[in-house]
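Student: The structure under discussion is supplied below as structure tokens; questions concerning it will follow.
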Amino acid sequence: QVQVEEFGGGLVQPGGSLRLSCRASGFTLDYYAISWFRQSPGKDREGVSCVSSGDDTTYYAESVKGRFTISRDDAKDAVYLQMNSLKPEDTAIYYCAIVDRSGYVCYAGSLLYEYEYDYWGQGTQVTVSS
């Protein structure tokens with residue numbers, strides 16, 4: 001059974017940085033597309049970033065472009081979300097999600113269509129506050 005876990009959330013001041021990690025037991029992340037989503041209180045869950053399988057192309061929501069970076073570490077079988085210049089509006093629970101289909105290339109819909117994802121983590125809280 002695949003279990004997805006997120007790590008690295010916490011409390012950070014505005015302008016600060018955090019790095020989130022995503023790992024999965026019973027599953028090798030190397031070959032599959034991974035996305036990060038987030039949900040703020042009272043709001044719908046939204047896609048943040050996606051990294052494709054195969055060529056590792058990436059896709060970002062406009063709200064985080066230039067501040068967040070998604071990456072893989074195949075040796076550690078992990079996917080990261082480096083978050084810089086954090087703002088209070090980045091406060092949310094952040095989720096890692098996996099598309100269990102080889103050759104998936106991220107596109108705008110990757111951040112919209114949650115039904116494309118087969119596995120989800122429980123989320124990690126990120127709070128940006130002074």
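We label chains A, B, ... in the order they appear in the structure tokens, count residues from 1 in each chain, and number ligands from 1 in the order shown.
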Please extract the residues of chain A with a backbone DSSP assignment of strand (DSSP E or B) and present them as number ranges by chain.
Tutor: A: 3-7, 10-12, 18-25, 33-39, 46-51, 58-60, 68-73, 78-83, 92-99, 119-121, 124-128
Student: Can I get the selection written as a tab-separated table (two decimals), in the first residue's frame, with C-alpha atoms?
Tutor:
```tsv
chain	number	residue	atom	x	y	z
A	3	GLN	CA	1.63	5.95	1.87
A	4	VAL	CA	2.52	9.51	1.03
A	5	GLU	CA	4.01	11.80	3.66
A	6	GLU	CA	4.89	15.45	3.73
A	7	PHE	CA	7.54	16.97	5.98
A	10	GLY	CA	6.08	25.05	10.42
A	11	LEU	CA	5.83	28.66	11.49
A	12	VAL	CA	7.86	31.24	9.61
A	18	LEU	CA	10.74	26.77	4.21
A	19	ARG	CA	11.43	23.57	2.34
A	20	LEU	CA	8.77	20.90	2.20
A	21	SER	CA	9.58	17.27	1.44
A	22	CYS	CA	7.40	14.55	-0.01
A	23	ARG	CA	8.17	10.84	0.29
A	24	ALA	CA	6.16	7.72	-0.39
A	25	SER	CA	6.50	4.27	1.08
A	33	ALA	CA	4.55	13.26	-11.81
A	34	ILE	CA	4.23	14.88	-8.41
A	35	SER	CA	2.31	18.00	-7.46
A	36	TRP	CA	1.91	20.18	-4.43
A	37	PHE	CA	-1.50	21.53	-3.49
A	38	ARG	CA	-2.53	23.73	-0.59
A	39	GLN	CA	-5.69	24.60	1.27
A	46	GLU	CA	-5.55	24.82	-5.03
A	47	GLY	CA	-2.66	23.52	-7.07
A	48	VAL	CA	0.72	25.11	-6.40
A	49	SER	CA	3.29	23.31	-8.50
A	50	CYS	CA	3.85	20.17	-10.59
A	51	VAL	CA	6.93	18.29	-11.77
A	58	THR	CA	7.72	22.02	-14.02
A	59	TYR	CA	4.57	24.07	-13.76
A	60	TYR	CA	3.65	26.74	-11.20
A	68	PHE	CA	8.61	28.56	-5.05
A	69	THR	CA	10.70	25.84	-6.68
A	70	ILE	CA	9.75	22.19	-7.07
A	71	SER	CA	12.53	19.64	-7.49
A	72	ARG	CA	13.41	15.98	-7.21
A	73	ASP	CA	16.20	14.10	-5.49
A	78	ALA	CA	11.98	12.60	-2.58
A	79	VAL	CA	10.33	15.66	-4.07
A	80	TYR	CA	10.81	19.08	-2.53
A	81	LEU	CA	9.04	22.40	-2.56
A	82	GLN	CA	11.42	25.23	-1.72
A	83	MET	CA	9.36	28.23	-0.64
A	92	ALA	CA	-2.19	26.71	4.35
A	93	ILE	CA	-2.01	22.97	4.69
A	94	TYR	CA	0.26	21.73	1.92
A	95	TYR	CA	-0.38	18.36	0.29
A	96	CYS	CA	1.73	16.17	-1.94
A	97	ALA	CA	-0.06	14.23	-4.66
A	98	ILE	CA	1.09	11.58	-7.13
A	99	VAL	CA	-0.09	10.68	-10.63
A	119	TYR	CA	-2.25	9.14	-4.04
A	120	TRP	CA	-2.34	11.97	-1.51
A	121	GLY	CA	-0.56	12.73	1.70
A	124	THR	CA	1.69	19.59	6.53
A	125	GLN	CA	0.79	22.96	8.02
A	126	VAL	CA	2.64	26.07	6.90
A	127	THR	CA	1.94	29.25	8.84
A	128	VAL	CA	3.41	32.58	7.77
```
Student: Counting only C-alpha atoms, which of A:Gln1, A:Ser17, A:Ser85, A:Ser102 gets nearest to Leu29 in chain A?
Tutor: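 For Leu29 in chain A, the nearest of the candidates is A:Ser102.
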Student: Of the candidates A:Val2, A:Leu111, A:Leu86, A:Cys106, which one gets nearest to Gly15 in chain A if we count only C-alpha atoms?
Tutor: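 Using only C-alpha atoms, the shortest distance to Gly15 in chain A belongs to A:Leu86.
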Student: I'd like to know which of A:Val105, A:Glu114, A:Ser130, A:Pro14 is closest to Thr57 in chain A, using only C-alpha atoms.
Tutor: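 Of the candidates, the smallest distance to Thr57 in chain A is held by A:Val105.
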